[in-house]
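Notes for the one structure printed next.
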Amino acid sequence: PLLHGGIVGLDDVVDHVPCIISMGNPGRFAAHALAEALFGLTARAWGKTPVTWYKSTIVDELNMVDFDMSKSPGRTYRYYTGEPAFPFGHGLNPLTTFEVQLVDGEDAAAVFSDHGRTDFTLKVTNVGERDGDEVIMVYFKPLEGVVPSDEPASRLQKQLFDFQRVSLKPNESTMLSFHVGIPKIQLHNHQGKATTFHGDYEIEFTNGNGATSTITFSTDAPPPPPPSDPTTGTAAP
């Protein structure tokens, strides 16, 4: 077990232990909670890391007083291009394993306008022998050329926009529905304004541990408004 108040370098540890349990700063009930989790007395103990765990060499890669998130090699899972010790969203369930399958929406390589949305259905199955919880995260990523190169968001690796947690018994499955619309894939331009960059996007559904499904879809810019009638100032018919 690792009790810690922040992210620490684990380079000298990860190759010598079978697993690491990150507990943060759990307080007086830490031992009781850990015992319940390890002996399977609760299925809801396991989750995903909410931060990127960098390798110790990160101090040589970054200017520690420059907090530009997108500046190479980037900061956080959204922009970091190096290889982290543990990526954001990583987390194992030692009691059981899960499979993820996209069952509806694969042909929704759909093009939708500013007010449209596409629904995706994901099947999650507990393929292990114990009850357990799993967290499914959904990321989007604009493909090459969608965001102009002079925008900070052009260096985005991916961005989380939705997640759901499920509790499943052995061999039990459930269907999760996710809605993808323009507001959820907006990015901020260099002026800090939420902006829709139209083009091709990749959506990734994952448990952060190898069970992943991806789909590509497109957005279209809305048609331009009709020209105004110079005599009335209103839109021409």
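Ordering of the structure tokens sets the chain letters (A, B, ...); residue numbers start at 1 within each chain; ligands are numbered from 1 in the order shown.
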Exercise for the section: Write out as a ChimeraX atom specification which residues come within 6 Å of range 214-216 of chain A when counting only C-alpha atoms, dropping same-chain ones fewer than 2 positions away. Expected result: /A:109,201-204
Write the residues of the preceding selection, restricted to N, CA and C atoms, as a CSV table (one decimal), in the first residue's frame.
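Printed below is again30.csv as written:
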```csv
chain,number,residue,atom,x,y,z
A,109,ALA,N,-20.7,6.9,-37.6
A,109,ALA,CA,-19.7,7.7,-38.1
A,109,ALA,C,-20.4,8.9,-38.7
A,201,TYR,N,-13.3,13.4,-35.5
A,201,TYR,CA,-12.9,13.1,-34.1
A,201,TYR,C,-12.9,11.6,-33.9
A,202,GLU,N,-12.1,11.2,-32.9
A,202,GLU,CA,-12.1,9.8,-32.4
A,202,GLU,C,-12.7,9.8,-31.0
A,203,ILE,N,-13.6,8.9,-30.8
A,203,ILE,CA,-14.1,8.7,-29.4
A,203,ILE,C,-13.6,7.4,-28.9
A,204,GLU,N,-13.1,7.4,-27.7
A,204,GLU,CA,-12.5,6.2,-27.1
A,204,GLU,C,-13.3,5.8,-25.8
```
Handout entry: Distance query range 158-162 of chain A at most 8 Å, only C-alpha atoms, self and fewer than 6 positions along chain excluded, as a VMD selection string
Key = chain A and resid 77 to 79 137 to 142 178 184 to 185
Completion exercise
One residue among A:Leu156, A:Leu176, A:Leu41, A:Val100 is nearest to Val127 in chain A when using only C-alpha atoms, and that residue is A:Val100
Neighbours of Leu95 in chain A within 8 Å (only C-alpha atoms; same-chain residues fewer than 4 positions away dropped), as a tab-separated table (two decimals) with N, CA and C atoms, in the first residue's frame?
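Ended up saving to result-v7.tsv:
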```
chain	number	residue	atom	x	y	z
A	40	GLY	N	-11.94	-8.89	-0.39
A	40	GLY	CA	-13.18	-8.94	-1.17
A	40	GLY	C	-14.44	-8.73	-0.37
A	128	GLY	N	-14.95	-12.28	-14.82
A	128	GLY	CA	-14.23	-12.94	-13.73
A	128	GLY	C	-15.14	-13.78	-12.86
A	129	GLU	N	-14.65	-14.13	-11.68
A	129	GLU	CA	-15.38	-15.02	-10.78
A	129	GLU	C	-15.85	-14.35	-9.51
A	130	ARG	N	-15.67	-13.03	-9.39
A	130	ARG	CA	-16.07	-12.31	-8.19
A	130	ARG	C	-16.90	-11.08	-8.57
A	131	ASP	N	-17.75	-10.64	-7.63
A	131	ASP	CA	-18.45	-9.38	-7.83
A	131	ASP	C	-17.42	-8.26	-7.96
A	132	GLY	N	-17.77	-7.24	-8.70
A	132	GLY	CA	-16.83	-6.15	-8.83
A	132	GLY	C	-17.42	-4.91	-9.48
```
Handout entry: Between CA of Val103 in chain A and CA of Lys48 in chain A - distance in Å to one decimal
Key =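 According to the coordinates, CA of Lys48 in chain A and CA of Val103 in chain A are separated by 24.1 Å.
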Practice task
Name the closest residue to Arg165 in chain A among the candidates A:Pro183, A:Gly74, A:Pro1, A:Gly47; distances are taken between atoms, counting only C-alpha atoms.
Solution key: A:Gly47
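Going from CA of Ile7 in chain A to CA of Thr76 in chain A covers 12.2 Å.
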Exercise for the section: For Thr57 in chain A, please output as a PyMOL selection string all residues within 10 Å (counting only C-alpha atoms; exclusion window: fewer than 3 positions along the same chain). Expected result: chain A and resi 9+11+54+60-62+84
Would you export the selected residues with C-alpha atoms as a JSON list (two decimals), in the first residue's frame, please?
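Produced file selection-v5.json, reproduced below:
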```json
[["chain", "number", "residue", "atom", "x", "y", "z"],
["A", 9, "GLY", "CA", 8.24, 8.98, -8.25],
["A", 11, "ASP", "CA", 10.65, 4.27, -10.76],
["A", 54, "TYR", "CA", 4.98, 10.82, -14.05],
["A", 60, "ASP", "CA", 14.27, 17.23, -16.22],
["A", 61, "GLU", "CA", 11.60, 17.41, -18.93],
["A", 62, "LEU", "CA", 9.59, 20.37, -17.66],
["A", 84, "PRO", "CA", 4.04, 8.17, -17.71]]
```
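Of the residues listed (A:Asp133, A:Val147, A:Thr206, A:Asn189), A:Asp133 shows the shortest atom-to-atom separation from Ala43 in chain A; distances use only C-alpha atoms.
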Exercise for the section: Quick one: everything within 10 Å of Ile58 in chain A, counting only C-alpha atoms, minus sequence neighbours fewer than 5 positions away in the same chain. Send it as an MDAnalysis selection string. Expected result: chainID A and resid 9 53 63:64 73 75 82:84
Written selection (N, CA, C and O atoms) as a CSV table (one decimal), in the first residue's frame:
```
chain,number,residue,atom,x,y,z
A,9,GLY,N,7.5,9.8,-7.3
A,9,GLY,CA,8.2,9.0,-8.3
A,9,GLY,C,8.3,7.5,-7.8
A,9,GLY,O,8.8,7.3,-6.6
A,53,TRP,N,0.6,9.9,-13.2
A,53,TRP,CA,1.8,9.6,-12.4
A,53,TRP,C,3.0,9.6,-13.4
A,53,TRP,O,3.2,8.7,-14.2
A,63,ASN,N,9.9,22.7,-17.4
A,63,ASN,CA,10.3,23.9,-16.7
A,63,ASN,C,9.3,24.1,-15.5
A,63,ASN,O,8.1,24.4,-15.8
A,64,MET,N,9.7,23.8,-14.3
A,64,MET,CA,8.8,23.7,-13.2
A,64,MET,C,8.1,25.1,-12.8
A,64,MET,O,7.2,25.1,-12.0
A,73,PRO,N,7.0,19.1,-23.2
A,73,PRO,CA,6.3,17.8,-23.5
A,73,PRO,C,4.9,17.8,-23.1
A,73,PRO,O,4.2,16.7,-23.1
A,75,ARG,N,1.6,18.9,-20.1
A,75,ARG,CA,1.3,18.6,-18.7
A,75,ARG,C,-0.1,17.9,-18.7
A,75,ARG,O,-0.9,18.3,-19.5
A,82,GLY,N,5.0,12.3,-23.2
A,82,GLY,CA,6.0,11.3,-22.8
A,82,GLY,C,5.3,10.1,-22.3
A,82,GLY,O,4.1,9.9,-22.5
A,83,GLU,N,6.1,9.2,-21.7
A,83,GLU,CA,5.5,7.9,-21.2
A,83,GLU,C,5.4,8.0,-19.7
A,83,GLU,O,6.4,8.0,-19.0
A,84,PRO,N,4.2,8.1,-19.2
A,84,PRO,CA,4.0,8.2,-17.7
A,84,PRO,C,4.3,6.8,-17.0
A,84,PRO,O,4.2,5.8,-17.7
```
Practice task
Determine which residues of range 112-220 of chain A DSSP labels as helix (DSSP H, G or I) from the backbone of this structure, then write them out as a list in words.
Solution key: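 Here are the helix (DSSP H, G or I) residues of range 112-220 of chain A: Pro152, Ala153, Ser154, Arg155, Ile182, Pro183, Lys184 and Ile185 of chain A.
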Practice task
Write out as a ChimeraX atom specification each polymer residue whose atoms come within 6 Å of Gly24 in chain A, counting only C-alpha atoms; drop sequence neighbours fewer than 2 positions from it.
Solution key: /A:3-5,22,26
Practice task
Enumerate the residues of range 15-193 of chain A with a DSSP assignment of strand (DSSP E or B), computed from the backbone, and present them as a ChimeraX atom specification.
Solution key: /A:22-24,53,86,98-104,111-112,117-126,132-142,159-168,173-181,187-188
Writing out the chosen residues with C-alpha atoms as a CSV table (one decimal), in the first residue's frame:
```csv
chain,number,residue,atom,x,y,z
A,22,SER,CA,-2.6,3.9,-4.0
A,23,MET,CA,-4.5,5.1,-0.9
A,24,GLY,CA,-3.8,8.8,-0.8
A,53,TRP,CA,1.8,9.6,-12.4
A,86,PHE,CA,0.8,5.3,-14.7
A,98,PHE,CA,-14.1,-6.9,-17.5
A,99,GLU,CA,-14.7,-6.7,-21.2
A,100,VAL,CA,-16.0,-3.7,-23.1
A,101,GLN,CA,-17.8,-3.9,-26.4
A,102,LEU,CA,-19.4,-1.2,-28.5
A,103,VAL,CA,-22.7,-2.6,-29.7
A,104,ASP,CA,-24.7,0.3,-31.0
A,111,VAL,CA,-22.2,13.7,-39.3
A,112,PHE,CA,-24.1,16.1,-37.1
A,117,ARG,CA,-25.9,14.4,-31.1
A,118,THR,CA,-25.1,10.8,-31.5
A,119,ASP,CA,-25.9,8.0,-29.0
A,120,PHE,CA,-23.6,5.1,-28.3
A,121,THR,CA,-24.3,1.9,-26.4
A,122,LEU,CA,-21.6,0.0,-24.7
A,123,LYS,CA,-21.8,-3.5,-23.3
A,124,VAL,CA,-19.7,-4.2,-20.2
A,125,THR,CA,-19.3,-7.7,-18.9
A,126,ASN,CA,-17.8,-9.1,-15.7
A,132,GLY,CA,-16.8,-6.1,-8.8
A,133,ASP,CA,-17.1,-2.5,-9.9
A,134,GLU,CA,-15.7,-1.1,-13.1
A,135,VAL,CA,-15.4,2.5,-14.3
A,136,ILE,CA,-15.9,3.2,-18.0
A,137,MET,CA,-14.4,6.5,-19.3
A,138,VAL,CA,-15.1,8.2,-22.6
A,139,TYR,CA,-12.6,10.5,-24.3
A,140,PHE,CA,-12.6,12.5,-27.4
A,141,LYS,CA,-9.7,13.5,-29.6
A,142,PRO,CA,-9.7,15.8,-32.7
A,159,GLN,CA,-9.9,14.8,-23.2
A,160,LEU,CA,-12.3,13.0,-20.9
A,161,PHE,CA,-15.9,14.1,-21.2
A,162,ASP,CA,-18.0,11.4,-19.6
A,163,PHE,CA,-17.7,8.3,-17.4
A,164,GLN,CA,-20.0,5.8,-15.6
A,165,ARG,CA,-19.4,3.3,-12.8
A,166,VAL,CA,-21.1,-0.1,-12.7
A,167,SER,CA,-21.4,-3.0,-10.3
A,168,LEU,CA,-21.6,-6.4,-11.8
A,173,SER,CA,-23.5,-7.7,-18.4
A,174,THR,CA,-25.0,-4.3,-18.6
A,175,MET,CA,-25.6,-1.7,-21.3
A,176,LEU,CA,-24.3,1.8,-20.8
A,177,SER,CA,-25.6,4.7,-23.0
A,178,PHE,CA,-23.4,7.7,-23.8
A,179,HIS,CA,-24.5,10.8,-25.6
A,180,VAL,CA,-22.0,12.7,-27.8
A,181,GLY,CA,-22.9,16.2,-28.9
A,187,LEU,CA,-12.3,23.2,-26.9
A,188,HIS,CA,-11.0,26.6,-25.8
```
Completion exercise
Expressed in Å, the length from CA of His198 in chain A to CA of Ser213 in chain A is 22.5 Å
Exercise for the section: Find the spatial neighbours of Val146 in chain A, counting only C-alpha atoms, within a cut-off of 8 Å - ignore same-chain residues fewer than 5 positions away - and output them as a list in words. Expected result: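 Here the answer would be Ser154, Phe197, His198, Gly199 and Asp200 of chain A.
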